[in-house]
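Pasted below: start.tsv, TSV, C-alpha atoms.
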chain	number	residue	atom	x	y	z
A	177	MET	CA	0.00	0.00	0.00
A	178	THR	CA	1.29	3.49	-0.83
A	179	ASN	CA	1.83	6.26	1.71
A	180	LYS	CA	-1.32	8.02	0.53
A	181	ILE	CA	-4.10	8.43	3.07
A	182	HIS	CA	-7.11	6.92	1.31
A	183	GLU	CA	-10.57	8.41	1.65
A	184	VAL	CA	-13.02	5.53	2.18
A	185	LEU	CA	-16.73	6.27	2.33
A	186	VAL	CA	-19.55	4.03	3.56
A	187	LEU	CA	-23.10	5.12	2.73
A	188	GLY	CA	-25.73	3.85	5.15
A	189	GLY	CA	-25.74	3.20	8.90
A	190	GLY	CA	-27.65	-0.07	9.03
A	191	TYR	CA	-26.42	-3.61	9.65
A	192	ALA	CA	-24.24	-3.78	6.54
A	193	GLY	CA	-22.89	-0.24	6.77
A	194	VAL	CA	-21.91	-0.27	10.45
A	195	LEU	CA	-20.19	-3.63	10.26
A	196	CYS	CA	-18.45	-2.64	7.02
A	197	ALA	CA	-17.15	0.65	8.46
A	198	ASN	CA	-15.88	-1.03	11.63
A	199	ARG	CA	-14.08	-3.69	9.64
A	200	LEU	CA	-12.54	-1.13	7.30
A	201	ALA	CA	-11.28	1.13	10.09
A	202	GLY	CA	-9.67	-1.76	11.89
A	203	ARG	CA	-8.03	-3.33	8.87
A	204	LEU	CA	-6.87	-0.13	7.17
A	205	GLY	CA	-5.76	1.71	10.29
A	206	ALA	CA	-3.82	4.93	9.71
A	207	SER	CA	-3.62	4.33	5.96
A	208	ALA	CA	-7.21	5.52	5.43
A	209	ARG	CA	-9.88	7.88	6.69
A	210	VAL	CA	-13.11	5.91	6.97
A	211	THR	CA	-16.32	7.96	7.00
A	212	LEU	CA	-19.82	6.57	7.48
A	213	ALA	CA	-22.70	8.74	6.23
A	214	THR	CA	-26.21	8.04	7.47
A	215	ALA	CA	-29.46	9.99	7.63
A	216	THR	CA	-30.17	9.55	11.33
A	217	PRO	CA	-28.01	9.41	14.46
A	218	ASP	CA	-30.08	6.51	15.79
A	219	PHE	CA	-29.30	2.94	14.79
A	220	VAL	CA	-32.39	1.21	13.41
A	221	HIS	CA	-32.57	-2.34	14.74
A	222	ARG	CA	-35.16	-3.29	12.15
A	223	VAL	CA	-35.73	-6.85	13.32
A	224	ARG	CA	-37.27	-5.40	16.49
A	225	LEU	CA	-39.49	-2.72	14.93
A	226	HIS	CA	-42.59	-4.91	15.25
A	227	GLU	CA	-42.03	-4.88	19.00
A	228	LEU	CA	-41.91	-1.08	19.08
A	229	LEU	CA	-45.01	-0.96	16.86
A	230	ALA	CA	-46.96	-3.00	19.40
A	231	GLY	CA	-45.88	-0.74	22.26
A	232	ARG	CA	-43.14	-2.93	23.70
A	233	PRO	CA	-40.02	-1.38	25.28
A	234	PHE	CA	-37.54	-0.51	22.55
A	235	PRO	CA	-33.93	0.29	23.48
A	236	ARG	CA	-32.51	3.24	21.55
A	237	ARG	CA	-28.93	3.04	20.36
A	238	SER	CA	-26.95	5.64	18.49
A	239	VAL	CA	-24.93	4.72	15.45
A	240	ARG	CA	-21.94	6.34	17.12
A	241	GLU	CA	-21.94	3.95	20.08
A	242	LEU	CA	-21.71	0.98	17.67
A	243	LEU	CA	-18.84	2.44	15.62
A	244	ALA	CA	-15.13	2.02	16.16
A	245	ASP	CA	-13.26	5.13	17.24
A	246	GLY	CA	-11.50	5.20	13.87
A	247	VAL	CA	-14.75	5.76	11.95
A	248	ALA	CA	-15.84	9.35	11.32
A	249	LEU	CA	-19.62	9.75	11.44
A	250	ARG	CA	-21.42	12.13	9.09
A	251	ILE	CA	-25.13	12.61	9.84
A	252	GLY	CA	-27.11	13.71	6.79
A	253	ARG	CA	-29.16	12.49	3.89
A	254	VAL	CA	-27.25	11.02	0.97
A	255	GLU	CA	-28.50	13.05	-1.98
A	256	ALA	CA	-26.22	12.02	-4.81
A	257	ALA	CA	-23.27	9.82	-5.69
A	258	SER	CA	-21.10	10.15	-8.78
A	259	LEU	CA	-18.96	7.20	-9.72
A	260	ALA	CA	-17.35	9.26	-12.47
A	261	ALA	CA	-16.42	12.18	-10.20
A	262	ARG	CA	-15.74	9.91	-7.20
A	263	THR	CA	-17.82	12.05	-4.86
A	264	ALA	CA	-20.97	11.61	-2.79
A	265	THR	CA	-23.18	14.49	-1.71
A	266	VAL	CA	-24.47	14.46	1.87
A	267	ASP	CA	-26.78	17.35	2.79
A	268	GLY	CA	-25.18	19.52	0.10
A	269	ALA	CA	-21.58	18.72	0.99
A	270	ALA	CA	-19.45	16.84	-1.54
A	271	LEU	CA	-17.40	14.04	0.04
A	272	PRO	CA	-14.59	12.69	-2.17
A	273	PHE	CA	-13.70	9.02	-2.03
A	274	ASP	CA	-11.01	6.68	-3.27
A	275	ALA	CA	-13.19	3.70	-2.37
A	276	MET	CA	-16.83	3.47	-1.43
A	277	VAL	CA	-19.37	0.94	-0.17
A	278	CYS	CA	-23.04	1.72	-0.74
A	279	ALA	CA	-25.11	0.11	2.02
A	280	LEU	CA	-28.21	2.31	1.95
A	281	GLY	CA	-30.52	-0.59	2.74
A	282	SER	CA	-34.17	-0.82	1.75
A	283	ALA	CA	-37.50	0.84	2.40
A	284	PRO	CA	-41.13	-0.35	2.37
A	285	THR	CA	-42.58	-0.38	-1.11
A	286	CYS	CA	-46.13	-0.49	-2.39
A	287	ASN	CA	-48.16	0.51	-5.44
A	288	VAL	CA	-51.57	-0.14	-3.85
A	289	PRO	CA	-53.73	3.02	-3.83
A	290	GLY	CA	-54.37	4.51	-0.42
A	291	VAL	CA	-51.50	2.84	1.43
A	292	ALA	CA	-49.42	6.00	1.66
A	293	GLU	CA	-52.39	8.03	2.89
A	294	HIS	CA	-54.17	5.58	5.18
A	295	ALA	CA	-51.85	2.72	6.19
A	296	ALA	CA	-49.19	2.69	8.89
A	297	GLY	CA	-45.90	0.95	8.42
A	298	LEU	CA	-42.42	-0.01	9.53
A	299	ALA	CA	-40.35	2.50	7.58
A	300	ASN	CA	-38.45	3.61	10.69
A	301	PRO	CA	-38.78	3.73	14.50
A	302	ALA	CA	-40.78	6.97	14.38
A	303	ALA	CA	-43.38	5.35	12.10
A	304	ALA	CA	-43.57	2.28	14.34
A	305	ALA	CA	-43.95	4.48	17.44
A	306	ARG	CA	-46.85	6.31	15.80
A	307	VAL	CA	-48.64	3.00	15.33
A	308	ALA	CA	-48.08	2.18	19.00
A	309	GLY	CA	-49.67	5.50	19.90
A	310	ARG	CA	-52.70	4.80	17.74
A	311	LEU	CA	-53.14	1.32	19.20
A	312	ARG	CA	-53.41	2.81	22.67
A	313	THR	CA	-56.37	4.95	21.60
A	314	LEU	CA	-58.45	2.25	19.90
A	315	PRO	CA	-61.60	1.08	21.69
A	316	GLU	CA	-62.03	-2.58	22.52
A	317	ARG	CA	-62.99	-4.85	19.59
A	318	SER	CA	-61.64	-2.36	17.07
A	319	PRO	CA	-60.55	-4.12	13.87
A	320	VAL	CA	-56.87	-3.95	12.96
A	321	ALA	CA	-55.73	-5.19	9.53
A	322	VAL	CA	-52.16	-6.24	8.75
A	323	ILE	CA	-51.42	-6.63	5.03
A	324	GLY	CA	-48.64	-9.03	4.11
A	325	GLY	CA	-48.16	-12.73	4.84
A	326	GLY	CA	-44.37	-12.80	4.91
A	327	PHE	CA	-42.37	-12.96	8.11
A	328	THR	CA	-42.70	-9.22	8.74
A	329	GLY	CA	-46.49	-9.29	8.49
A	330	VAL	CA	-46.72	-12.41	10.63
A	331	GLU	CA	-44.55	-10.88	13.36
A	332	VAL	CA	-46.53	-7.64	13.34
A	333	ALA	CA	-49.91	-9.40	13.55
A	334	ALA	CA	-48.77	-11.75	16.31
A	335	GLU	CA	-47.15	-8.98	18.34
A	336	ILE	CA	-50.22	-6.73	18.19
A	337	ALA	CA	-52.58	-9.58	19.00
A	338	GLU	CA	-50.56	-10.62	22.05
A	339	ALA	CA	-50.00	-7.09	23.35
A	340	TRP	CA	-53.58	-5.93	22.66
A	341	PRO	CA	-55.87	-8.96	23.06
A	342	ALA	CA	-59.00	-6.77	23.17
A	343	LEU	CA	-58.49	-5.77	19.52
A	344	ARG	CA	-59.56	-7.86	16.52
A	345	VAL	CA	-56.48	-8.48	14.38
A	346	SER	CA	-56.68	-9.77	10.80
A	347	LEU	CA	-53.75	-10.82	8.62
A	348	LEU	CA	-54.45	-10.36	4.91
A	349	THR	CA	-52.25	-12.23	2.47
A	350	SER	CA	-52.20	-14.01	-0.85
A	351	ALA	CA	-50.32	-16.89	0.82
A	352	LEU	CA	-49.23	-17.37	4.43
A	353	ALA	CA	-45.44	-17.79	4.80
A	354	PRO	CA	-45.10	-19.88	1.63
A	355	GLY	CA	-41.38	-20.46	2.21
A	356	LEU	CA	-41.87	-22.52	5.37
A	357	SER	CA	-42.05	-26.30	5.55
A	358	ASP	CA	-45.40	-28.00	6.10
A	359	ALA	CA	-44.58	-28.38	9.80
A	360	GLY	CA	-43.61	-24.73	10.00
A	361	ARG	CA	-46.83	-23.54	8.39
A	362	ARG	CA	-48.93	-25.76	10.67
A	363	TYR	CA	-47.30	-24.34	13.77
A	364	LEU	CA	-47.55	-20.81	12.43
A	365	ARG	CA	-51.25	-21.19	11.74
A	366	ALA	CA	-51.90	-22.77	15.16
A	367	SER	CA	-50.03	-19.97	16.91
A	368	LEU	CA	-51.93	-17.23	15.09
A	369	ASP	CA	-55.19	-19.02	15.89
A	370	ALA	CA	-54.23	-19.18	19.57
A	371	LEU	CA	-53.52	-15.44	19.55
A	372	GLY	CA	-56.88	-14.72	17.94
A	373	VAL	CA	-55.49	-13.54	14.61
A	374	GLU	CA	-57.89	-14.08	11.72
A	375	VAL	CA	-55.87	-15.11	8.66
A	376	VAL	CA	-57.49	-14.16	5.35
A	377	GLU	CA	-55.63	-16.01	2.60
A	378	ASN	CA	-55.98	-15.58	-1.16
A	379	ALA	CA	-56.59	-11.90	-0.43
A	380	SER	CA	-55.95	-9.49	-3.29
A	381	VAL	CA	-55.97	-5.92	-1.97
A	382	ARG	CA	-57.23	-3.29	-4.40
A	383	ALA	CA	-57.00	-0.21	-2.17
A	384	VAL	CA	-56.78	0.97	1.41
A	385	ALA	CA	-59.34	3.48	2.71
A	386	ALA	CA	-59.37	5.40	5.96
A	387	ASP	CA	-61.61	2.81	7.64
A	388	ALA	CA	-61.41	-0.31	5.46
A	389	VAL	CA	-59.35	-2.51	3.18
A	390	GLU	CA	-60.89	-3.03	-0.25
A	391	PHE	CA	-60.35	-6.22	-2.26
A	392	THR	CA	-60.28	-6.77	-6.01
A	393	ASP	CA	-63.45	-8.88	-5.86
A	394	GLY	CA	-65.41	-5.85	-4.62
A	395	SER	CA	-65.62	-6.90	-0.98
A	396	SER	CA	-64.05	-4.99	1.90
A	397	LEU	CA	-62.92	-5.48	5.48
A	398	PRO	CA	-63.43	-2.80	8.16
A	399	ALA	CA	-60.19	-1.53	9.68
A	400	ALA	CA	-59.78	1.15	12.33
A	401	LEU	CA	-56.04	0.77	11.71
A	402	THR	CA	-54.24	-0.76	8.75
A	403	VAL	CA	-50.57	-1.75	8.86
A	404	TRP	CA	-48.73	-2.32	5.60
A	405	ALA	CA	-46.12	-5.11	5.68
A	406	GLY	CA	-46.12	-5.99	2.02
A	407	GLY	CA	-42.45	-5.87	1.17
A	408	PHE	CA	-39.27	-3.83	0.82
A	409	ALA	CA	-37.23	-2.52	-2.09
A	410	GLY	CA	-33.65	-1.29	-2.33
A	411	SER	CA	-33.16	2.39	-1.47
A	412	ALA	CA	-30.81	3.13	-4.36
A	413	PRO	CA	-33.46	4.89	-6.54
A	414	ALA	CA	-33.82	7.55	-3.82
A	415	VAL	CA	-30.30	8.80	-4.58
A	416	ASP	CA	-29.27	10.74	-7.69
A	417	ALA	CA	-26.51	8.43	-8.85
A	418	ASP	CA	-24.98	6.90	-11.96
A	419	TRP	CA	-24.79	3.33	-10.71
A	420	PRO	CA	-26.59	0.52	-12.61
A	421	LEU	CA	-29.88	-0.72	-11.16
A	422	ASP	CA	-31.85	-3.90	-11.72
A	423	GLY	CA	-35.62	-4.11	-12.18
A	424	ARG	CA	-36.17	-4.05	-8.41
A	425	GLY	CA	-34.19	-0.88	-7.77
A	426	ARG	CA	-31.08	-2.62	-6.42
A	427	ILE	CA	-27.52	-1.92	-7.48
A	428	VAL	CA	-26.19	-4.45	-9.98
A	429	VAL	CA	-22.91	-5.94	-8.80
A	430	ASP	CA	-20.34	-8.42	-10.01
A	431	ALA	CA	-19.56	-11.56	-8.05
A	432	ASP	CA	-17.14	-9.64	-5.81
A	433	LEU	CA	-19.92	-7.11	-5.00
A	434	GLY	CA	-18.14	-4.50	-7.10
A	435	VAL	CA	-20.16	-2.03	-9.19
A	436	ARG	CA	-19.53	-2.40	-12.91
A	437	ASP	CA	-16.85	-0.06	-14.38
A	438	ALA	CA	-16.27	1.60	-11.00
A	439	PRO	CA	-13.05	0.27	-9.44
A	440	GLY	CA	-13.12	0.38	-5.67
A	441	VAL	CA	-16.89	0.88	-5.47
A	442	PHE	CA	-18.96	-1.88	-3.91
A	443	ALA	CA	-22.58	-2.42	-2.79
A	444	ALA	CA	-23.71	-4.43	0.23
A	445	GLY	CA	-26.88	-5.28	2.11
A	446	ASP	CA	-30.45	-4.90	0.87
A	447	VAL	CA	-29.44	-2.32	-1.73
A	448	ALA	CA	-27.27	-4.84	-3.62
A	449	ALA	CA	-28.68	-7.26	-6.16
A	450	SER	CA	-27.65	-10.90	-5.79
A	451	ALA	CA	-24.26	-11.43	-7.38
A	452	PRO	CA	-24.38	-13.22	-10.75
A	453	GLY	CA	-23.85	-16.94	-10.51
A	454	MET	CA	-25.09	-17.25	-6.94
A	455	GLU	CA	-26.86	-20.58	-6.57
A	456	SER	CA	-29.53	-18.90	-4.46
A	457	SER	CA	-31.01	-15.42	-4.34
A	458	LEU	CA	-30.33	-13.60	-1.09
A	459	ARG	CA	-33.37	-12.60	0.93
A	460	MET	CA	-33.24	-9.23	2.61
A	461	GLY	CA	-32.37	-8.98	6.27
A	462	CYS	CA	-29.50	-8.76	8.72
A	463	VAL	CA	-28.73	-12.41	7.98
A	464	THR	CA	-27.37	-11.39	4.58
A	465	ALA	CA	-26.62	-7.70	5.14
A	466	MET	CA	-23.85	-8.31	7.65
A	467	PRO	CA	-21.92	-10.90	5.60
A	468	LEU	CA	-22.27	-8.68	2.53
A	469	GLY	CA	-20.98	-5.67	4.45
A	470	ALA	CA	-18.03	-7.61	5.82
A	471	HIS	CA	-17.11	-9.03	2.42
A	472	ALA	CA	-17.36	-5.63	0.75
A	473	ALA	CA	-15.00	-4.24	3.39
A	474	ASP	CA	-12.50	-7.02	2.77
A	475	ASN	CA	-12.59	-6.34	-0.95
A	476	VAL	CA	-12.05	-2.60	-0.41
A	477	VAL	CA	-8.91	-3.49	1.53
A	478	ARG	CA	-7.76	-5.81	-1.26
A	479	HIS	CA	-8.44	-3.15	-3.87
A	480	LEU	CA	-6.46	-0.47	-2.03
A	481	ARG	CA	-3.58	-2.90	-1.60
A	482	GLY	CA	-3.56	-3.76	-5.28
A	483	GLU	CA	-4.69	-7.33	-4.66
A	484	ALA	CA	-7.32	-9.28	-6.56
A	485	THR	CA	-10.78	-9.06	-5.04
A	486	ARG	CA	-12.66	-12.25	-4.23
A	487	PRO	CA	-16.18	-13.43	-5.06
A	488	PHE	CA	-18.80	-13.47	-2.34
A	489	ALA	CA	-19.93	-16.82	-0.93
A	490	PHE	CA	-22.68	-17.46	1.57
A	491	GLY	CA	-24.91	-20.24	2.85
A	492	PHE	CA	-28.14	-20.01	4.84
A	493	ARG	CA	-28.77	-21.97	8.02
A	494	VAL	CA	-32.17	-21.04	9.50
A	495	GLN	CA	-35.24	-18.85	9.15
A	496	CYS	CA	-36.58	-17.34	12.38
A	497	VAL	CA	-39.98	-15.85	13.20
A	498	SER	CA	-41.17	-14.37	16.49
A	499	LEU	CA	-44.82	-14.94	17.36
A	500	GLY	CA	-45.20	-12.56	20.26
A	501	ARG	CA	-42.96	-12.75	23.32
A	502	ARG	CA	-43.74	-16.36	24.29
A	503	ARG	CA	-43.67	-18.20	20.99
A	504	GLY	CA	-41.14	-18.51	18.22
A	505	LEU	CA	-40.49	-20.57	15.12
A	506	VAL	CA	-37.04	-21.60	13.94
A	507	GLN	CA	-37.05	-23.24	10.50
A	508	PRO	CA	-33.78	-25.02	9.59
A	509	VAL	CA	-32.81	-24.63	5.92
A	510	ASP	CA	-29.99	-25.78	3.69
A	511	ALA	CA	-27.37	-23.44	2.27
A	512	ARG	CA	-29.70	-22.49	-0.60
A	513	ASP	CA	-32.46	-21.51	1.84
A	514	GLN	CA	-34.58	-24.59	1.08
A	515	THR	CA	-36.49	-25.74	4.15
A	516	LYS	CA	-35.84	-28.92	6.07
A	517	PRO	CA	-38.88	-30.86	7.35
A	518	TRP	CA	-38.44	-30.20	11.09
A	519	VAL	CA	-38.82	-27.03	13.16
A	520	VAL	CA	-38.06	-25.63	16.63
A	521	THR	CA	-41.12	-24.02	18.20
A	522	GLY	CA	-42.65	-22.59	21.35
A	523	ARG	CA	-40.59	-20.97	24.09
A	524	LEU	CA	-37.39	-22.57	22.82
A	525	GLY	CA	-38.05	-21.06	19.40
A	526	ALA	CA	-38.66	-17.69	21.04
A	527	LEU	CA	-35.40	-18.00	22.98
A	528	VAL	CA	-33.42	-18.78	19.82
A	529	LYS	CA	-35.00	-15.85	17.98
A	530	GLU	CA	-34.26	-13.49	20.88
A	531	SER	CA	-30.68	-14.73	21.06
A	532	ILE	CA	-30.19	-14.00	17.38
A	533	CYS	CA	-31.59	-10.47	17.75
A	534	ARG	CA	-29.14	-9.82	20.58
A	535	TYR	CA	-26.27	-11.43	18.69
A	536	VAL	CA	-26.70	-9.00	15.80
A	537	VAL	CA	-25.95	-5.93	17.91
A	538	GLY	CA	-23.25	-7.81	19.80
A	539	ALA	CA	-21.51	-8.72	16.55
A	540	LEU	CA	-21.39	-5.07	15.51
A	541	ARG	CA	-19.78	-4.16	18.84
A	542	VAL	CA	-17.27	-7.01	18.62
A	543	GLU	CA	-16.25	-5.99	15.10
A	544	ALA	CA	-15.60	-2.45	16.36
A	545	ALA	CA	-13.31	-3.78	19.10
A	546	ALA	CA	-11.73	-6.66	17.19
A	547	PRO	CA	-12.02	-6.06	13.42
A	548	GLY	CA	-12.07	-9.19	11.31
A	549	MET	CA	-13.70	-11.34	14.00
A	550	TYR	CA	-17.06	-11.52	12.25
A	551	ARG	CA	-17.53	-14.72	10.23
A	552	TRP	CA	-20.42	-16.17	8.24
A	553	PRO	CA	-21.32	-19.58	6.83
A	554	GLY	CA	-20.29	-20.44	3.29
A	555	GLY	CA	-21.80	-23.04	1.01
A	556	VAL	CA	-23.32	-21.12	-1.90
A	557	VAL	CA	-20.50	-20.00	-4.15
A	558	ALA	CA	-20.67	-16.97	-6.43
A	559	ALA	CA	-19.61	-17.17	-10.04
A	560	HIS	CA	-16.16	-16.02	-11.19
A	561	ARG	CA	-15.92	-12.22	-11.04
A	562	ALA	CA	-15.27	-11.97	-14.78
A	563	LEU	CA	-18.79	-13.09	-15.62
A	564	PRO	CA	-21.05	-10.26	-16.85
A	565	ALA	CA	-23.42	-8.84	-14.28
A	566	ALA	CA	-27.07	-9.72	-14.79
A	567	ALA	CA	-29.50	-7.01	-15.86
A	568	ASP	CA	-31.89	-8.25	-13.19
A	569	ALA	CA	-30.04	-10.57	-10.88
As structure tokens, the full file:
Amino acid sequence: MTNKIHEVLVLGGGYAGVLCANRLAGRLGASARVTLATATPDFVHRVRLHELLAGRPFPRRSVRELLADGVALRIGRVEAASLAARTATVDGAALPFDAMVCALGSAPTCNVPGVAEHAAGLANPAAAARVAGRLRTLPERSPVAVIGGGFTGVEVAAEIAEAWPALRVSLLTSALAPGLSDAGRRYLRASLDALGVEVVENASVRAVAADAVEFTDGSSLPAALTVWAGGFAGSAPAVDADWPLDGRGRIVVDADLGVRDAPGVFAAGDVAASAPGMESSLRMGCVTAMPLGAHAADNVVRHLRGEATRPFAFGFRVQCVSLGRRRGLVQPVDARDQTKPWVVTGRLGALVKESICRYVVGALRVEAAAPGMYRWPGGVVAAHRALPAAADA
């Protein structure tokens, strides 16, 4: 490595960004200035937002307390990024970089009319806290509709039903947790039934009104409060940038997570499309964001040292769902995220899920103190980095 002090920029203060910045600062030391830019000083522990939404205690953590001392923190909205000019604009200020990792994460997405005006959501802690405030004001037997049958929707519906048993909670979905095994779906259904959640499957939502959810068949369901949990999309389109995007708004990367024709620029976390040649697509979440962030950091170090970067490899192990505070579901999977026939349930499942949520924050702290300690399971190997990136990975 030359005597030059390299400017290294990380965009995004979520799971991928914080771990990436900590790893970079520790491995590069005095040879680089590592700056993390993020829109809010608070760290968003997204896997716990459904707890905050239901009115549970929610510990606040600042991004700063999770960062290594060697990481400079810049609070501000990322407005633009130019790969050609090698600068990123944060609240009007241009930050030059020699290497950059974009880890801007994802945001709730929806094209259903009325959701933006009438539905609550999980965009951030403030939005979740507003839902908690509204739940406290609802009279007994008020109907609450949760739209979305993935893990996020299931966790939201279960948490509300357990915390507010006097309310009538409905979960509206086209299919309930289709990725689970038969045993997993049976337990999930039984748990929601025990909590009093009405599951409405094969539901096709046409629009959301102030007091109801309207379906495409012309019917409707009364709702004093509607919560949207219908999916997330990469946040890259929110930034004026010249990086390539796929059809889902994620940054297209090569197998080493590098952005095409932009040496030293990488993408990690929810904002990155699956690398070409991966044997399995990567679902969004901290389970993939943290390995992606760590690998992007390692490749930045290799790039600055003039070494060849390496392709990303990852293998799944489990899927975890919380069903209130007393029940949980742990679904073992193979490296390609295909379910195995058995599950861990009940209080043991809840304990495993809680342990994983705590481990996530702990891993960020450990990486700040001992960079390079974070490891992740392999098993799904990316294609050779020379392969062309997919238009829609």
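Across the model, the gap from atom CA of Leu212 of chain A to atom CA of Asp267 of chain A is 13.7 Å.
Residue nearest Ala472 of chain A within the list A:Ala244, A:Ala192, A:Ala260, A:Val345: A:Ala192 [criterion: smallest interatomic distance, all atoms listed in the file].
Taking only C-alpha atoms into account, Phe442 of chain A lies nearest to A:His471 out of the set A:Arg209, A:Arg253, A:His471, A:His294.
Nearest to Ala399 of chain A of all the residues A:Ala337, A:Leu347, A:Leu200, A:Val429 is A:Leu347, counting all atoms listed in the file.
Straight-line separation from atom CA of Asn378 of chain A to atom CA of Phe391 of chain A: 10.4 Å.
With all atoms listed in the file as the basis for measurement, A:Thr214 is the residue among A:Thr214, A:Thr285, A:Ser395, A:Ser357 that approaches Ser238 of chain A most closely.
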